[in-house]
file structure17.tsv (TSV, C-alpha atoms)
chain	number	residue	atom	x	y	z
V	1	MET	CA	90.66	-70.69	222.43
V	2	THR	CA	93.87	-69.01	221.27
V	3	PHE	CA	95.69	-72.16	222.34
V	4	LEU	CA	93.40	-74.27	220.16
V	5	LYS	CA	93.84	-71.82	217.29
V	6	SER	CA	97.61	-71.95	217.43
V	7	GLN	CA	97.54	-75.74	217.67
V	8	LEU	CA	95.38	-75.86	214.54
V	9	LYS	CA	97.72	-73.47	212.74
V	10	ASN	CA	100.83	-75.39	213.78
V	11	ASN	CA	99.51	-78.75	212.67
V	12	ARG	CA	97.79	-77.69	209.46
V	13	PHE	CA	99.32	-80.49	207.42
V	14	LEU	CA	98.40	-83.18	209.93
V	15	ILE	CA	94.82	-81.93	210.02
V	16	ILE	CA	94.49	-82.00	206.22
V	17	VAL	CA	95.79	-85.56	206.12
V	18	VAL	CA	93.45	-86.67	208.92
V	19	LEU	CA	90.52	-85.12	207.01
V	20	ALA	CA	91.65	-87.04	203.92
V	21	TYR	CA	91.51	-90.22	206.00
V	22	VAL	CA	87.97	-89.36	207.10
V	23	ALA	CA	87.02	-88.91	203.43
V	24	VAL	CA	88.63	-92.24	202.53
V	25	GLY	CA	86.75	-93.94	205.37
V	26	LEU	CA	83.46	-92.54	204.05
V	27	PHE	CA	83.91	-92.93	200.30
V	28	ALA	CA	86.42	-95.75	199.84
V	29	PRO	CA	86.22	-97.76	203.06
V	30	SER	CA	88.09	-100.71	201.54
V	31	LYS	CA	91.21	-98.53	201.21
V	32	PHE	CA	91.10	-97.22	204.77
V	33	LEU	CA	92.79	-100.07	206.61
V	34	PRO	CA	95.42	-100.73	203.90
V	35	SER	CA	96.43	-97.04	204.12
V	36	LEU	CA	96.87	-97.27	207.87
V	37	ASP	CA	98.72	-100.53	207.41
V	38	ASN	CA	101.18	-98.92	204.97
V	39	THR	CA	101.67	-96.05	207.41
V	40	TRP	CA	102.29	-98.41	210.31
V	41	TYR	CA	105.38	-99.87	208.63
V	42	TYR	CA	107.02	-96.41	208.42
V	43	VAL	CA	105.86	-95.49	211.92
V	44	LYS	CA	107.69	-98.53	213.26
V	45	GLU	CA	110.87	-97.59	211.37
V	46	MET	CA	110.61	-94.03	212.67
V	47	LEU	CA	110.13	-95.16	216.27
V	48	MET	CA	113.29	-97.25	216.03
V	49	ILE	CA	115.35	-94.29	214.93
V	50	MET	CA	113.75	-91.32	216.71
V	51	PRO	CA	115.04	-91.86	220.27
V	52	VAL	CA	118.56	-92.35	219.00
V	53	ILE	CA	118.39	-89.15	216.94
V	54	LEU	CA	117.00	-87.22	219.88
V	55	LEU	CA	119.71	-88.44	222.26
V	56	LEU	CA	122.52	-88.00	219.78
V	57	THR	CA	121.47	-84.44	218.95
V	58	SER	CA	121.41	-83.68	222.67
V	59	LEU	CA	124.79	-85.23	223.34
V	60	ILE	CA	126.37	-83.36	220.45
V	61	SER	CA	124.97	-80.04	221.62
V	62	ALA	CA	126.13	-80.75	225.18
V	63	TRP	CA	129.68	-81.95	224.50
V	64	VAL	CA	130.96	-80.72	221.15
V	65	PRO	CA	132.89	-77.55	222.05
V	66	LYS	CA	131.24	-75.25	219.54
V	67	GLU	CA	132.68	-72.09	221.10
V	68	THR	CA	136.20	-73.43	220.59
V	69	ILE	CA	135.47	-74.19	216.95
V	70	GLU	CA	133.83	-70.79	216.47
V	71	ASN	CA	136.73	-68.96	218.07
V	72	ALA	CA	139.21	-70.70	215.79
V	73	PHE	CA	137.70	-69.00	212.74
V	74	GLY	CA	139.08	-65.51	212.85
V	75	LYS	CA	142.59	-66.92	212.83
V	76	ASN	CA	142.30	-69.69	210.26
V	77	SER	CA	140.99	-69.05	206.81
V	78	GLY	CA	142.97	-71.70	204.94
V	79	ILE	CA	142.37	-75.45	204.82
V	80	LYS	CA	142.18	-75.61	208.60
V	81	GLY	CA	139.45	-72.95	208.68
V	82	SER	CA	137.48	-74.86	206.06
V	83	LEU	CA	137.74	-78.05	208.09
V	84	PHE	CA	136.48	-76.23	211.18
V	85	ALA	CA	133.62	-74.86	209.11
V	86	PHE	CA	132.78	-78.37	207.95
V	87	LEU	CA	132.84	-79.72	211.51
V	88	LEU	CA	130.72	-76.89	212.86
V	89	GLY	CA	128.03	-77.50	210.24
V	90	SER	CA	128.12	-81.26	210.77
V	91	PHE	CA	127.57	-80.99	214.50
V	92	SER	CA	124.81	-78.42	214.56
V	93	ALA	CA	121.09	-78.80	215.08
V	94	GLY	CA	118.13	-77.13	213.45
V	95	PRO	CA	117.17	-75.98	209.94
V	96	ILE	CA	119.40	-73.89	207.65
V	97	TYR	CA	117.95	-70.53	208.69
V	98	ALA	CA	119.19	-71.19	212.22
V	99	ALA	CA	122.69	-71.00	210.72
V	100	PHE	CA	122.24	-67.43	209.38
V	101	PRO	CA	122.80	-65.56	212.66
V	102	VAL	CA	125.64	-67.92	213.59
V	103	CYS	CA	127.36	-67.22	210.25
V	104	LYS	CA	126.75	-63.51	210.61
V	105	MET	CA	128.55	-63.59	213.93
V	106	LEU	CA	131.42	-65.60	212.43
V	107	LEU	CA	131.75	-63.11	209.56
V	108	SER	CA	132.24	-60.33	212.07
V	109	LYS	CA	134.97	-62.47	213.65
V	110	GLY	CA	136.75	-62.64	210.32
V	111	ALA	CA	135.52	-65.88	208.72
V	112	SER	CA	135.95	-66.01	204.94
V	113	ILE	CA	133.15	-66.16	202.37
V	114	ALA	CA	134.21	-69.67	201.35
V	115	ASN	CA	133.96	-70.90	204.92
V	116	ILE	CA	130.54	-69.32	205.40
V	117	VAL	CA	129.28	-71.21	202.33
V	118	ILE	CA	130.81	-74.39	203.74
V	119	ILE	CA	129.05	-73.95	207.10
V	120	LEU	CA	125.69	-73.10	205.53
V	121	SER	CA	125.78	-76.05	203.13
V	122	THR	CA	127.09	-78.56	205.65
V	123	TRP	CA	124.56	-77.37	208.20
V	124	ALA	CA	121.84	-77.92	205.61
V	125	VAL	CA	122.73	-81.28	204.10
V	126	ILE	CA	125.09	-83.44	206.09
V	127	LYS	CA	124.46	-83.26	209.79
V	128	ILE	CA	125.37	-86.44	211.69
V	129	PRO	CA	121.86	-87.28	213.00
V	130	MET	CA	120.47	-86.76	209.49
V	131	LEU	CA	122.97	-89.25	208.09
V	132	ILE	CA	121.69	-91.89	210.49
V	133	THR	CA	118.11	-91.29	209.40
V	134	GLU	CA	119.16	-91.41	205.75
V	135	SER	CA	121.05	-94.67	206.24
V	136	LYS	CA	118.05	-96.17	208.03
V	137	PHE	CA	115.56	-95.36	205.29
V	138	LEU	CA	117.65	-95.48	202.11
V	139	GLY	CA	120.48	-97.80	203.07
V	140	PRO	CA	124.07	-97.21	204.24
V	141	GLU	CA	125.50	-97.42	200.73
V	142	PHE	CA	123.20	-94.65	199.48
V	143	MET	CA	124.06	-92.48	202.48
V	144	ILE	CA	127.83	-92.91	202.15
V	145	VAL	CA	127.96	-92.24	198.41
V	146	ARG	CA	125.77	-89.14	198.78
V	147	TRP	CA	127.87	-87.93	201.70
V	148	ILE	CA	131.11	-88.19	199.70
V	149	LEU	CA	129.67	-86.46	196.63
V	150	THR	CA	128.04	-83.74	198.70
V	151	THR	CA	131.21	-83.09	200.67
V	152	LEU	CA	133.18	-82.62	197.45
V	153	ALA	CA	130.47	-80.34	196.08
V	154	ILE	CA	130.44	-78.23	199.25
V	155	PHE	CA	134.19	-77.49	199.17
V	156	LEU	CA	133.96	-76.67	195.45
V	157	MET	CA	131.01	-74.37	196.08
V	158	GLY	CA	132.88	-72.58	198.83
V	159	TYR	CA	135.78	-71.95	196.47
V	160	ILE	CA	133.62	-70.84	193.52
V	161	THR	CA	131.50	-68.50	195.65
V	162	SER	CA	134.60	-66.83	197.07
V	163	ARG	CA	135.70	-66.09	193.47
V	164	PHE	CA	132.42	-64.35	192.64
V	165	VAL	CA	131.45	-62.71	195.91
V	166	LYS	CA	133.79	-60.39	197.76
V	167	PRO	CA	133.43	-59.35	201.42
V	168	GLU	CA	132.37	-55.83	200.36
V	169	ASP	CA	129.31	-57.33	198.61
V	170	LEU	CA	127.90	-58.33	201.97
V	171	PRO	CA	125.71	-55.88	203.89
V	172	ALA	CA	127.27	-54.25	206.92
V	173	ASP	CA	126.24	-55.43	210.33
V	174	ASN	CA	123.03	-53.63	211.31
V	175	GLU	CA	123.14	-54.77	214.91
V	176	THR	CA	123.44	-51.28	216.40
V	177	ALA	CA	120.48	-49.98	214.43
V	178	SER	CA	118.17	-52.71	215.70
V	179	SER	CA	119.23	-52.68	219.33
V	180	VAL	CA	117.58	-49.45	220.36
V	181	ASP	CA	114.82	-50.46	222.73
V	182	GLY	CA	114.86	-52.83	225.66
V	183	LEU	CA	117.31	-54.82	227.68
V	184	VAL	CA	116.48	-58.13	226.11
V	185	LEU	CA	116.16	-58.49	222.35
V	186	LEU	CA	115.35	-61.44	220.20
V	187	ASN	CA	114.94	-62.11	216.51
V	188	PRO	CA	112.14	-64.68	216.14
V	189	ASP	CA	112.79	-65.17	212.39
V	190	TYR	CA	115.66	-67.52	213.16
V	191	CYS	CA	114.17	-69.28	216.18
V	192	VAL	CA	114.25	-73.06	215.85
V	193	GLY	CA	111.55	-73.42	218.50
V	194	CYS	CA	113.47	-75.58	220.96
V	195	GLY	CA	111.94	-73.71	223.91
V	196	LEU	CA	115.15	-73.85	225.92
V	197	CYS	CA	115.01	-70.15	226.84
V	198	THR	CA	111.50	-70.56	228.24
V	199	LYS	CA	112.80	-73.30	230.51
V	200	ILE	CA	115.91	-71.42	231.64
V	201	ALA	CA	114.24	-68.03	232.09
V	202	PRO	CA	110.48	-68.63	232.17
V	203	ARG	CA	109.74	-65.15	233.52
V	204	HIS	CA	111.16	-63.49	230.40
V	205	PHE	CA	110.50	-65.85	227.50
V	206	THR	CA	107.51	-67.72	226.19
V	207	MET	CA	106.63	-69.60	223.01
V	208	VAL	CA	104.24	-68.00	220.54
V	209	ASP	CA	103.45	-69.99	217.38
V	210	LYS	CA	106.51	-72.24	217.89
V	211	LYS	CA	108.78	-69.19	218.14
V	212	ALA	CA	110.33	-67.64	221.24
V	213	ALA	CA	109.01	-64.27	222.39
V	214	ILE	CA	109.93	-61.84	225.16
V	215	ILE	CA	107.26	-61.29	227.80
V	216	SER	CA	109.05	-59.13	230.29
V	217	GLN	CA	111.84	-56.58	230.34
V	218	THR	CA	111.87	-56.11	234.10
V	219	LEU	CA	114.77	-57.59	236.01
V	220	SER	CA	114.43	-59.02	239.50
V	221	PRO	CA	117.50	-60.21	241.41
V	222	GLY	CA	118.84	-63.41	239.86
V	223	ASP	CA	117.14	-62.85	236.51
V	224	GLY	CA	120.29	-61.49	234.90
V	225	GLN	CA	122.10	-64.79	235.29
V	226	ALA	CA	119.14	-66.76	233.92
V	227	ILE	CA	118.93	-64.55	230.85
V	228	LYS	CA	122.69	-64.74	230.30
V	229	ASP	CA	122.33	-68.51	230.49
V	230	ALA	CA	119.57	-68.44	227.89
V	231	VAL	CA	121.73	-66.25	225.61
V	232	ALA	CA	124.57	-68.74	225.86
V	233	LYS	CA	122.43	-71.83	225.36
V	234	CYS	CA	120.30	-70.58	222.44
V	235	PRO	CA	121.30	-72.83	219.51
V	236	SER	CA	120.95	-70.09	216.89
V	237	HIS	CA	122.35	-67.20	218.98
V	238	ILE	CA	119.31	-64.96	218.51
V	239	ILE	CA	118.99	-63.47	221.99
V	240	ARG	CA	120.78	-60.22	222.88
V	241	PHE	CA	121.04	-58.93	226.42
V	242	HIS	CA	122.30	-55.45	227.34
V	243	PRO	CA	121.96	-55.05	231.11
P	1	MET	CA	116.75	-103.85	213.58
P	2	ASP	CA	119.54	-103.62	210.99
P	3	ILE	CA	123.18	-103.58	211.98
P	4	PHE	CA	123.71	-99.86	211.23
P	5	THR	CA	120.87	-98.74	213.47
P	6	LEU	CA	122.07	-101.12	216.14
P	7	ILE	CA	125.59	-99.64	216.03
P	8	PHE	CA	124.20	-96.13	216.41
P	9	TRP	CA	122.07	-97.23	219.34
P	10	VAL	CA	125.08	-98.75	221.08
P	11	ILE	CA	127.32	-95.71	220.49
P	12	THR	CA	124.60	-93.32	221.63
P	13	LEU	CA	123.72	-95.27	224.78
P	14	VAL	CA	127.37	-95.62	225.81
P	15	TRP	CA	127.93	-91.91	225.24
P	16	LEU	CA	124.73	-91.12	227.15
P	17	GLY	CA	125.96	-93.20	230.10
P	18	PHE	CA	129.25	-91.31	230.24
P	19	SER	CA	127.50	-87.99	229.76
P	20	LEU	CA	125.06	-88.60	232.62
P	21	LYS	CA	127.88	-89.66	234.89
P	22	LYS	CA	130.00	-86.64	234.09
P	23	ASP	CA	127.39	-83.87	234.13
P	24	LYS	CA	123.81	-84.93	234.74
P	25	ASP	CA	122.36	-81.43	234.70
P	26	LYS	CA	123.98	-80.44	231.42
P	27	THR	CA	122.88	-83.69	229.78
P	28	LEU	CA	119.27	-83.37	230.87
P	29	LYS	CA	119.13	-79.73	229.72
P	30	ALA	CA	120.42	-80.71	226.31
P	31	ILE	CA	117.87	-83.50	226.03
P	32	LYS	CA	115.12	-81.04	226.93
P	33	MET	CA	116.29	-78.72	224.16
P	34	SER	CA	116.29	-81.38	221.45
P	35	GLY	CA	113.02	-82.69	222.82
P	36	GLY	CA	111.52	-79.24	222.36
P	37	MET	CA	112.70	-79.09	218.75
P	38	MET	CA	111.42	-82.59	218.10
P	39	LYS	CA	108.02	-81.79	219.62
P	40	GLY	CA	107.77	-78.87	217.22
P	41	ILE	CA	107.92	-81.16	214.20
P	42	ALA	CA	106.08	-84.16	215.69
P	43	GLY	CA	102.82	-83.15	214.02
P	44	ASP	CA	104.52	-82.86	210.63
P	45	ILE	CA	106.17	-86.25	211.04
P	46	LEU	CA	102.89	-87.98	211.86
P	47	GLY	CA	101.20	-86.12	209.00
P	48	ILE	CA	103.84	-87.24	206.48
P	49	LEU	CA	103.71	-90.85	207.67
P	50	LEU	CA	99.92	-90.95	207.30
P	51	PHE	CA	100.28	-89.27	203.89
P	52	ILE	CA	102.73	-91.99	202.78
P	53	GLY	CA	100.11	-94.61	203.68
P	54	LEU	CA	97.59	-92.87	201.41
P	55	ILE	CA	100.03	-92.54	198.49
P	56	LEU	CA	101.10	-96.17	198.64
P	57	THR	CA	97.48	-97.34	198.76
P	58	PHE	CA	96.02	-95.07	196.10
P	59	VAL	CA	98.90	-94.62	193.65
P	60	PRO	CA	99.83	-97.94	192.10
P	61	PRO	CA	103.59	-98.70	191.89
P	62	GLU	CA	103.35	-98.72	188.07
P	63	ALA	CA	102.25	-95.07	188.13
P	64	ILE	CA	105.19	-94.12	190.37
P	65	LYS	CA	107.60	-96.02	188.12
P	66	GLY	CA	106.07	-94.31	185.09
P	67	THR	CA	106.41	-90.76	186.39
P	68	ILE	CA	109.64	-90.88	188.40
P	69	GLY	CA	111.10	-94.01	186.88
P	70	GLN	CA	113.81	-94.61	184.32
P	71	ALA	CA	111.83	-93.35	181.32
P	72	ASN	CA	111.56	-89.66	182.23
P	73	GLU	CA	114.70	-89.39	184.27
P	74	VAL	CA	115.90	-85.98	183.05
P	75	VAL	CA	112.51	-84.27	183.20
P	76	SER	CA	111.63	-85.72	186.59
P	77	THR	CA	115.06	-84.92	188.01
P	78	VAL	CA	114.80	-81.22	187.13
P	79	LEU	CA	111.19	-81.18	188.32
P	80	PHE	CA	112.10	-82.79	191.65
P	81	ALA	CA	115.03	-80.41	192.08
P	82	PHE	CA	112.58	-77.49	191.71
P	83	LEU	CA	110.13	-79.14	194.07
P	84	GLY	CA	112.89	-79.55	196.66
P	85	SER	CA	113.91	-75.90	196.29
P	86	ILE	CA	110.48	-74.49	197.10
P	87	THR	CA	109.64	-76.88	199.93
P	88	LEU	CA	110.72	-76.23	203.48
P	89	ILE	CA	110.26	-79.42	205.46
P	90	PRO	CA	112.86	-80.92	207.79
P	91	ALA	CA	115.00	-83.53	206.00
P	92	PHE	CA	114.20	-85.77	208.91
P	93	VAL	CA	110.59	-85.91	207.68
P	94	ALA	CA	111.59	-86.21	204.02
P	95	PHE	CA	113.58	-89.44	204.34
P	96	PRO	CA	110.64	-91.78	205.01
P	97	LEU	CA	108.68	-90.04	202.24
P	98	VAL	CA	111.33	-90.54	199.55
P	99	ALA	CA	112.10	-94.03	200.86
P	100	SER	CA	108.48	-94.99	200.24
P	101	LEU	CA	108.79	-93.72	196.65
P	102	VAL	CA	112.03	-95.65	196.10
P	103	ASP	CA	110.43	-98.80	197.57
P	104	ALA	CA	107.60	-98.35	195.08
P	105	GLY	CA	110.08	-98.30	192.19
P	106	ALA	CA	111.02	-94.63	191.73
P	107	SER	CA	114.45	-93.95	190.22
P	108	ILE	CA	116.99	-92.61	192.73
P	109	VAL	CA	118.28	-89.77	190.51
P	110	PRO	CA	115.26	-87.46	190.97
P	111	ILE	CA	115.07	-88.54	194.62
P	112	VAL	CA	118.65	-87.43	195.30
P	113	ALA	CA	118.05	-84.15	193.47
P	114	PHE	CA	115.01	-83.55	195.68
P	115	LEU	CA	116.83	-84.39	198.93
P	116	THR	CA	119.76	-82.14	198.11
P	117	THR	CA	117.83	-79.06	196.96
P	118	LEU	CA	115.34	-79.55	199.80
P	119	THR	CA	118.01	-78.80	202.35
P	120	MET	CA	120.53	-76.65	200.44
P	121	VAL	CA	118.40	-74.38	198.23
P	122	GLY	CA	115.93	-72.16	200.03
P	123	VAL	CA	113.41	-70.20	198.02
P	124	VAL	CA	111.25	-69.65	201.10
P	125	THR	CA	114.23	-68.50	203.18
P	126	PHE	CA	115.67	-66.42	200.30
P	127	PRO	CA	114.51	-63.04	201.77
P	128	LEU	CA	116.06	-63.87	205.14
P	129	GLU	CA	119.32	-64.96	203.55
P	130	LYS	CA	119.38	-61.87	201.36
P	131	ARG	CA	118.92	-59.61	204.37
P	132	GLU	CA	121.85	-61.21	206.19
P	133	PHE	CA	124.31	-61.80	203.36
P	134	GLY	CA	123.18	-59.59	200.48
P	135	LEU	CA	121.63	-60.39	197.10
P	136	LYS	CA	124.78	-61.42	195.28
P	137	PHE	CA	125.92	-63.97	197.86
P	138	THR	CA	122.42	-65.45	198.16
P	139	LEU	CA	121.95	-65.73	194.39
P	140	VAL	CA	125.36	-67.31	193.82
P	141	ARG	CA	125.03	-69.75	196.71
P	142	ASN	CA	121.54	-70.90	195.82
P	143	SER	CA	122.21	-71.27	192.08
P	144	LEU	CA	125.42	-73.19	192.73
P	145	SER	CA	123.59	-75.44	195.18
P	146	PHE	CA	120.89	-76.13	192.58
P	147	ALA	CA	123.45	-76.97	189.89
P	148	PHE	CA	125.49	-79.17	192.22
P	149	ALA	CA	122.33	-80.96	193.40
P	150	LEU	CA	121.70	-82.00	189.79
P	151	ALA	CA	125.34	-83.07	189.37
P	152	ILE	CA	125.28	-85.11	192.59
P	153	ALA	CA	122.02	-86.76	191.54
P	154	LEU	CA	123.38	-87.74	188.11
P	155	ALA	CA	126.62	-89.05	189.64
P	156	MET	CA	124.61	-91.13	192.14
P	157	GLY	CA	122.66	-92.60	189.22
P	158	VAL	CA	125.92	-93.66	187.57
P	159	ILE	CA	127.57	-95.02	190.73
P	160	LEU	CA	124.66	-96.91	192.33

call {"tool": "encode", "arguments": {"input": "structure17.tsv", "output": "C-alpha cells"}}
result
Amino acid sequence: MTFLKSQLKNNRFLIIVVLAYVAVGLFAPSKFLPSLDNTWYYVKEMLMIMPVILLLTSLISAWVPKETIENAFGKNSGIKGSLFAFLLGSFSAGPIYAAFPVCKMLLSKGASIANIVIILSTWAVIKIPMLITESKFLGPEFMIVRWILTTLAIFLMGYITSRFVKPEDLPADNETASSVDGLVLLNPDYCVGCGLCTKIAPRHFTMVDKKAAIISQTLSPGDGQAIKDAVAKCPSHIIRFHP
Amino acid sequence: MDIFTLIFWVITLVWLGFSLKKDKDKTLKAIKMSGGMMKGIAGDILGILLFIGLILTFVPPEAIKGTIGQANEVVSTVLFAFLGSITLIPAFVAFPLVASLVDAGASIVPIVAFLTTLTMVGVVTFPLEKREFGLKFTLVRNSLSFAFALAIALAMGVIL
C-alpha cells in the first residue's frame, strides 16, 4: 500500500496526463488517436537518444578523474582554475542542487567565488549528454551557438559575481554542528536518487520517495568498507561516515 | 538517424567497448548508477511526451505562432524566462517539449530564454542554495543568470 502510494506520488504528472487521455477518449474520441500519433514521433526520437545518453553518462562518471580535477582547485584560482571548474561542471551528472554539496566542499578546499559560479552554471546548462539531446531535438547549429553564448556568459558571470560577493559573505561551514548523532549521516535534500548506495551497501541504505535514507547504524564486519565505497561513489557527496 | 546522433552512438559504443575490456566491474556499476537516475525520471519523460501529443493535437499551430511567435517576442521572452525560473524539470525532458513548440512555429527567442533559466535559475532550489552559500551569493547568481538568459536568447534570435 505504501509502495503504491509512493509510486502515485512520484508519478503525479504522468497520472494527470493519463487521466487527460481518458477524458479525451470519452469526450473527443476523434482526437485520441492523433494525440497518441503525435506522441509516438517524439517517443521514437527519445528512444534513439536515450541509450546513448545513459551509456555516455556512465562512462563519464566511471573514467573522468573528478577527484584529480577537484584536488586541483585549492592551488589554482586563475584561468587554469576556471578551466577546471568548467570541465568539472561539463562532466557531471544530475540536477543543479546536486552541485551544492560538491561546491561547498570545494570552497573549503580554497576554490574562489568566481569558480564556484562557473561550476554551478556549467553543471546546470552545458553538460555533455545534455548537448547531445539538445542537438538531436533542436539541431546541431542551435546547440553550438547556444553553447558558445552560454560559455561566454558563464565566465562573465563568474567574474561579475566575484566583484559583488566576497568570501566573508558566505556562511561558515556548519558540518560539525550537524554531525552529532550516528556513524552514518546523509543529507537527502541533495540526493539525485541514483540508488547507487543502496546497491553498494544495501544493509544501510534504502530509497524512500526517490531519495536515499539510512536504515541501520549497526556495523557488522565488512560493512565499513561497503559504506566507505558508497561515500566515495555518491555523485553528490552527501554521505558522511565517522567510524 | 541523423549524422550527429550516429556519431555519438559510434563514439559511445567504442568507448564502452574499451571500458568493458579495461574494468568490467567499474563500468557496470557506473551504468547501474545512471540507470537508477534515469529510472527516477522515466515517469516524467513519458508524461511529457504524452502531454506533447495532446498540445499538438488540441492547440493549432496558428495559436502557438500567435502567442510565442514573432509578434509578441519581447513579452513572450520575458514570460518564458519567468516560467523557466520557477519550473524544476530535468532539461533532458524539456528538449522534446520545446522542440515540439518550435516545430509548430514558435519563435526560438522565448524558447532559448526558457531553456536557459530552466536550468540556471532556481526559484524552487533558492532556499537550499541560500543555506549553503548565503543570501547575497544566491541573489546575485540567480539575477545574473536571469539577465544573461535574456541576453543569450536575444543574441540567438539575431544570429540564427

call {"tool": "atom_distance", "arguments": {"input": "structure17.tsv", "atom1": "CA of Met207 in chain V", "atom2": "CA of Gly195 in chain V"}}
result
6.8 Å

call {"tool": "residues_near_point", "arguments": {"input": "structure17.tsv", "point": "(113.7, -84.1, 222.2)", "cutoff": "9 Å", "atoms": "only C-alpha atoms", "output": "PyMOL selection string"}}
result
(chain V and resi 51+53-55+57-58+194) or (chain P and resi 30-39)

call {"tool": "atom_distance", "arguments": {"input": "structure17.tsv", "atom1": "CA of Phe126 in chain P", "atom2": "CA of Asn142 in chain P"}}
result
8.6 Å

call {"tool": "residues_around", "arguments": {"input": "structure17.tsv", "residues": "range 150-154 of chain V", "least_positions_apart": "4", "cutoff": "9 Å", "atoms": "all atoms listed in the file", "output": "PyMOL selection string"}}
result
(chain V and resi 86+117-118+121-122+125-126+145-146+158-159) or (chain P and resi 116+145+148-149+151-152)

call {"tool": "closest_residue", "arguments": {"input": "structure17.tsv", "among": "V:Val24, V:Ala99, V:Ala201, V:Cys234", "to": "Ser220 in chain V", "atoms": "only C-alpha atoms"}}
result
V:Ala201

call {"tool": "closest_residue", "arguments": {"input": "structure17.tsv", "among": "P:Val74, P:Ala94, P:Ala99, P:Val140", "to": "Ile41 in chain P", "atoms": "only C-alpha atoms"}}
result
P:Ala94

call {"tool": "closest_residue", "arguments": {"input": "structure17.tsv", "among": "P:Val121, P:Leu50, P:Leu88, P:Ile7", "to": "chain V", "atoms": "only C-alpha atoms"}}
result
P:Leu50

call {"tool": "closest_residue", "arguments": {"input": "structure17.tsv", "among": "P:Leu154, P:Leu79, P:Ala147, P:Ile52", "to": "chain V", "atoms": "all atoms listed in the file"}}
result
P:Ile52

call {"tool": "build_atoms", "arguments": {"input": "structure17.tsv", "residues": "range 121-132 of chain V", "atoms": "N, CA and C atoms", "output": "tab-separated table (two decimals), in the coordinates of the input"}}
result
chain	number	residue	atom	x	y	z
V	121	SER	N	126.13	-74.85	203.89
V	121	SER	CA	125.78	-76.05	203.13
V	121	SER	C	125.88	-77.30	204.00
V	122	THR	N	126.93	-77.38	204.80
V	122	THR	CA	127.09	-78.56	205.65
V	122	THR	C	125.95	-78.63	206.64
V	123	TRP	N	125.65	-77.48	207.23
V	123	TRP	CA	124.56	-77.37	208.20
V	123	TRP	C	123.27	-77.89	207.56
V	124	ALA	N	123.08	-77.55	206.29
V	124	ALA	CA	121.84	-77.92	205.61
V	124	ALA	C	121.79	-79.40	205.28
V	125	VAL	N	122.84	-79.94	204.68
V	125	VAL	CA	122.73	-81.28	204.10
V	125	VAL	C	123.30	-82.42	204.90
V	126	ILE	N	124.45	-82.23	205.56
V	126	ILE	CA	125.09	-83.44	206.09
V	126	ILE	C	125.36	-83.39	207.58
V	127	LYS	N	124.30	-83.18	208.35
V	127	LYS	CA	124.46	-83.26	209.79
V	127	LYS	C	124.44	-84.73	210.22
V	128	ILE	N	125.22	-85.04	211.26
V	128	ILE	CA	125.37	-86.44	211.69
V	128	ILE	C	124.02	-87.14	211.94
V	129	PRO	N	123.12	-86.56	212.75
V	129	PRO	CA	121.86	-87.28	213.00
V	129	PRO	C	121.05	-87.53	211.72
V	130	MET	N	121.17	-86.59	210.76
V	130	MET	CA	120.47	-86.76	209.49
V	130	MET	C	121.02	-87.96	208.72
V	131	LEU	N	122.34	-88.14	208.80
V	131	LEU	CA	122.97	-89.25	208.09
V	131	LEU	C	122.44	-90.58	208.60
V	132	ILE	N	122.21	-90.65	209.92
V	132	ILE	CA	121.69	-91.89	210.49
V	132	ILE	C	120.29	-92.17	209.95
